[in-house]
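Reviewing the structure listed below.
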Amino acid sequence: MQEIVKAEEKKIGMTEAWLRKHRPVYQAATKHPFIRTIRDGTVQSHSFKTWLAQDYLFVREFVPFVASVLIKACKESDYDNDDVEVILGGMASLKDEISWFKREANKWGISLSQVIPQNANKNYCRLLESLMSPEVDYTVALTAFWAI
């Protein structure tokens with residue numbers, strides 16, 4: 001059975017094979033009503049404010065995770081490898097993203113220091129924290145970094 005799956009992946013590509021296998025999950029993530037209201041410009045201000053505040057908290061928690069991936073990259077990848085540069089680029093992007101969140105929060109009257117993380121956000125942050133463990137292989141951490 002595994003050989004059939006590998007042959008199918010080779011024929012259509014890993015991404016397409018994943019999309020075919022996990023179509024409902026992909027659709028749920030990319031066709032979510034909130035995403036559609038953002039696209040259509042019909043998002044309710046309270047929904048946008050909630051997203052902005054929660055995503056800010058997540059990105060702040062993402063920074064230590066990226067730092068842990070960078071440390072693993074320095075220890076476990078070849079210096080000829082571009083991993084370190086890619087991760088550093090990601091960190092620079094996070095700085096810009098956090099600055100954007102702060103500007104937008106100010107515009108929308110959101111006090112970021114008063115935001116309480118929702119349960120889903122707490123769970124995502126716990127996942128990030130678990131991926132920072134020294135026991136987590138570099139390739140696993142790097143894959144999570146790429147996926148997020």
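Labeling convention for the structure tokens: chains A, B, ... as they appear, residues from 1 per chain, ligands from 1 in order of appearance.
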
Practice item. Excluding stretch 107-109 of chain A and any residue of its chain fewer than 4 positions from it, enumerate the residues within 9 Å of it, using only C-alpha atoms, and give them as a PyMOL selection string. Key: chain A and resi 45+49+102-103

Check your understanding: Which residues come within 9 Å of stretch 70-84 of chain A, counting only C-alpha atoms, excluding same-chain residues fewer than 2 positions away, as number ranges by chain?
Key -> A: 65-68, 86-89, 134, 137-138, 141-142

Check your understanding: A:Leu52: which residues within 10 Å, counting only C-alpha atoms, same-chain residues fewer than 3 positions away excluded, as a list in words?
Key ->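 Residues meeting the cut-off are His46, Ser47, Phe48, Lys49, Asp55, Tyr56, Leu57, Phe58, Phe101, Lys102, Glu104, Ala105, Trp108, Ile110 and Leu112 of chain A.
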
Dump as a compact mmCIF listing (two decimals), in the first residue's frame, selection limited to N, CA and C atoms:
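Output contents, as saved in result.txt:
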# COMPACT_ATOMS: atom_id res chain seq x y z
N HIS A 46 -15.48 43.77 15.41
CA HIS A 46 -15.15 43.00 16.62
C HIS A 46 -14.41 41.71 16.25
N SER A 47 -14.76 41.10 15.13
CA SER A 47 -14.06 39.89 14.68
C SER A 47 -12.62 40.22 14.29
N PHE A 48 -12.45 41.32 13.57
CA PHE A 48 -11.11 41.73 13.16
C PHE A 48 -10.25 42.05 14.37
N LYS A 49 -10.82 42.76 15.34
CA LYS A 49 -10.07 43.12 16.54
C LYS A 49 -9.65 41.87 17.32
N ASP A 55 -3.75 37.03 17.12
CA ASP A 55 -2.62 36.72 16.24
C ASP A 55 -1.35 37.42 16.73
N TYR A 56 -1.50 38.61 17.28
CA TYR A 56 -0.35 39.29 17.88
C TYR A 56 0.26 38.43 18.98
N LEU A 57 -0.60 37.91 19.87
CA LEU A 57 -0.09 37.06 20.95
C LEU A 57 0.62 35.83 20.39
N PHE A 58 0.03 35.24 19.36
CA PHE A 58 0.64 34.05 18.76
C PHE A 58 2.00 34.39 18.15
N PHE A 101 1.28 44.83 13.80
CA PHE A 101 0.23 44.56 14.79
C PHE A 101 0.09 45.73 15.76
N LYS A 102 1.20 46.25 16.23
CA LYS A 102 1.15 47.36 17.19
C LYS A 102 0.52 48.60 16.57
N GLU A 104 -1.61 48.70 14.01
CA GLU A 104 -3.03 48.42 13.79
C GLU A 104 -3.81 48.42 15.10
N ALA A 105 -3.23 47.85 16.14
CA ALA A 105 -3.90 47.83 17.44
C ALA A 105 -4.14 49.26 17.93
N TRP A 108 -7.04 50.74 16.07
CA TRP A 108 -8.33 50.14 16.43
C TRP A 108 -8.65 50.26 17.92
N ILE A 110 -6.98 48.97 20.52
CA ILE A 110 -6.76 47.72 21.24
C ILE A 110 -5.53 47.86 22.13
N LEU A 112 -2.91 45.95 23.63
CA LEU A 112 -2.34 44.60 23.48
C LEU A 112 -1.90 44.01 24.81

Practice item. For atom CA of A:Thr143 and atom CA of A:Trp18, quote the distance in Å rounded to one decimal. Key: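 That distance, rounded to one decimal, is 15.1 Å.
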
Practice item. Find, counting only C-alpha atoms, the residue in A:Tyr124, A:Trp100, A:Trp146, A:Phe34 that gets nearest to A:Glu61. Key: A:Tyr124

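Closest approach to A:Cys125 among A:Thr15, A:Gln54, A:Asn106, A:Thr139 is made by A:Gln54 (distances from only C-alpha atoms).
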
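Distances here use only C-alpha atoms; by that measure, the residue among A:Trp51, A:Phe62, A:Phe145, A:Tyr26 closest to A:Lys95 is A:Phe62.
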
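Computed from the coordinates, the atom CA of A:Val63 to atom CA of A:Pro117 distance equals 16.3 Å.
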
Name the residues of stretch 2-140 of chain A that come out as alpha helix (DSSP H) in a backbone DSSP run; write them as a tab-separated table (two decimals) with C-alpha atoms, in the first residue's frame.
chain	number	residue	atom	x	y	z
A	2	GLN	CA	2.80	2.40	0.93
A	3	GLU	CA	4.42	1.80	-2.46
A	4	ILE	CA	1.19	2.79	-4.23
A	5	VAL	CA	1.05	6.02	-2.22
A	6	LYS	CA	4.69	6.80	-3.05
A	7	ALA	CA	4.07	6.11	-6.76
A	8	GLU	CA	1.03	8.41	-6.71
A	9	GLU	CA	3.05	11.16	-4.97
A	10	LYS	CA	5.79	10.82	-7.54
A	11	LYS	CA	3.30	11.08	-10.39
A	12	ILE	CA	1.32	14.11	-9.17
A	14	MET	CA	3.67	15.56	-2.82
A	15	THR	CA	1.62	18.73	-2.37
A	16	GLU	CA	-1.14	17.64	-4.74
A	17	ALA	CA	-1.22	14.20	-3.12
A	18	TRP	CA	-1.58	15.84	0.30
A	19	LEU	CA	-4.33	18.14	-0.95
A	20	ARG	CA	-6.26	15.23	-2.40
A	21	LYS	CA	-5.93	13.23	0.80
A	23	ARG	CA	-9.15	18.21	1.00
A	24	PRO	CA	-11.78	18.74	3.76
A	25	VAL	CA	-9.17	20.00	6.23
A	26	TYR	CA	-7.64	22.28	3.60
A	27	GLN	CA	-11.06	23.63	2.60
A	28	ALA	CA	-12.00	24.26	6.24
A	29	ALA	CA	-8.81	26.25	6.78
A	30	THR	CA	-8.85	28.25	3.55
A	33	PRO	CA	-16.12	32.31	6.98
A	34	PHE	CA	-13.69	34.72	8.67
A	35	ILE	CA	-11.20	34.36	5.80
A	36	ARG	CA	-14.01	34.99	3.31
A	37	THR	CA	-15.15	38.16	5.12
A	38	ILE	CA	-11.58	39.45	5.06
A	39	ARG	CA	-11.39	38.74	1.33
A	40	ASP	CA	-14.77	40.34	0.67
A	45	SER	CA	-14.86	45.10	13.44
A	46	HIS	CA	-15.15	43.00	16.62
A	47	SER	CA	-14.06	39.89	14.68
A	48	PHE	CA	-11.11	41.73	13.16
A	49	LYS	CA	-10.07	43.12	16.54
A	50	THR	CA	-10.24	39.67	18.11
A	51	TRP	CA	-8.15	38.18	15.31
A	52	LEU	CA	-5.63	41.03	15.46
A	53	ALA	CA	-5.15	40.69	19.22
A	54	GLN	CA	-4.96	36.89	19.22
A	55	ASP	CA	-2.62	36.72	16.24
A	56	TYR	CA	-0.35	39.29	17.88
A	57	LEU	CA	-0.09	37.06	20.95
A	58	PHE	CA	0.64	34.05	18.76
A	59	VAL	CA	3.35	35.84	16.79
A	60	ARG	CA	4.98	37.00	20.03
A	61	GLU	CA	5.08	33.37	21.18
A	62	PHE	CA	6.34	32.31	17.76
A	63	VAL	CA	9.54	34.37	18.21
A	64	PRO	CA	11.12	32.10	20.87
A	65	PHE	CA	10.18	29.08	18.78
A	66	VAL	CA	11.97	30.53	15.75
A	67	ALA	CA	14.97	31.31	17.96
A	68	SER	CA	15.04	27.67	19.05
A	69	VAL	CA	14.94	26.55	15.41
A	70	LEU	CA	17.83	28.92	14.66
A	71	ILE	CA	19.87	27.40	17.49
A	72	LYS	CA	19.17	23.90	16.18
A	73	ALA	CA	20.11	25.01	12.66
A	74	CYS	CA	23.44	26.38	13.87
A	75	LYS	CA	24.19	23.13	15.69
A	76	GLU	CA	22.84	20.59	13.24
A	83	ASP	CA	18.78	27.19	6.55
A	84	VAL	CA	20.30	29.80	8.85
A	85	GLU	CA	19.75	32.60	6.33
A	86	VAL	CA	16.14	31.54	5.75
A	87	ILE	CA	15.43	31.42	9.48
A	88	LEU	CA	17.07	34.82	10.02
A	89	GLY	CA	14.92	36.22	7.22
A	90	GLY	CA	11.88	34.82	8.98
A	91	MET	CA	12.91	36.53	12.21
A	92	ALA	CA	13.30	39.85	10.41
A	93	SER	CA	9.80	39.40	8.98
A	94	LEU	CA	8.47	38.75	12.48
A	95	LYS	CA	9.87	42.08	13.65
A	96	ASP	CA	8.00	43.83	10.85
A	97	GLU	CA	4.85	41.84	11.57
A	98	ILE	CA	4.89	42.71	15.27
A	99	SER	CA	5.36	46.38	14.40
A	100	TRP	CA	2.35	46.15	12.06
A	101	PHE	CA	0.23	44.56	14.79
A	102	LYS	CA	1.15	47.36	17.19
A	103	ARG	CA	0.29	50.07	14.66
A	104	GLU	CA	-3.03	48.42	13.79
A	105	ALA	CA	-3.90	47.83	17.44
A	106	ASN	CA	-3.30	51.51	18.12
A	107	LYS	CA	-5.58	52.47	15.19
A	108	TRP	CA	-8.33	50.14	16.43
A	119	ASN	CA	-8.06	28.58	24.43
A	120	ALA	CA	-7.21	27.84	20.79
A	121	ASN	CA	-4.35	30.33	20.99
A	122	LYS	CA	-3.11	28.78	24.25
A	123	ASN	CA	-3.12	25.37	22.58
A	124	TYR	CA	-1.14	26.61	19.59
A	125	CYS	CA	1.36	28.26	21.91
A	126	ARG	CA	1.72	25.04	23.91
A	127	LEU	CA	2.46	23.26	20.64
A	128	LEU	CA	5.18	25.81	19.85
A	129	GLU	CA	6.63	25.39	23.32
A	130	SER	CA	6.71	21.61	22.93
A	131	LEU	CA	8.58	21.99	19.64
A	138	TYR	CA	15.90	19.72	13.94
A	139	THR	CA	14.05	18.46	10.87
A	140	VAL	CA	10.76	18.33	12.81

Exercise for review: Using atom CA of A:Val43 and atom CA of A:Val115 as the two end points, give the distance in Å to one decimal.
Suggested key: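 So the two atoms, atom CA of A:Val43 and atom CA of A:Val115, lie 20.1 Å apart.
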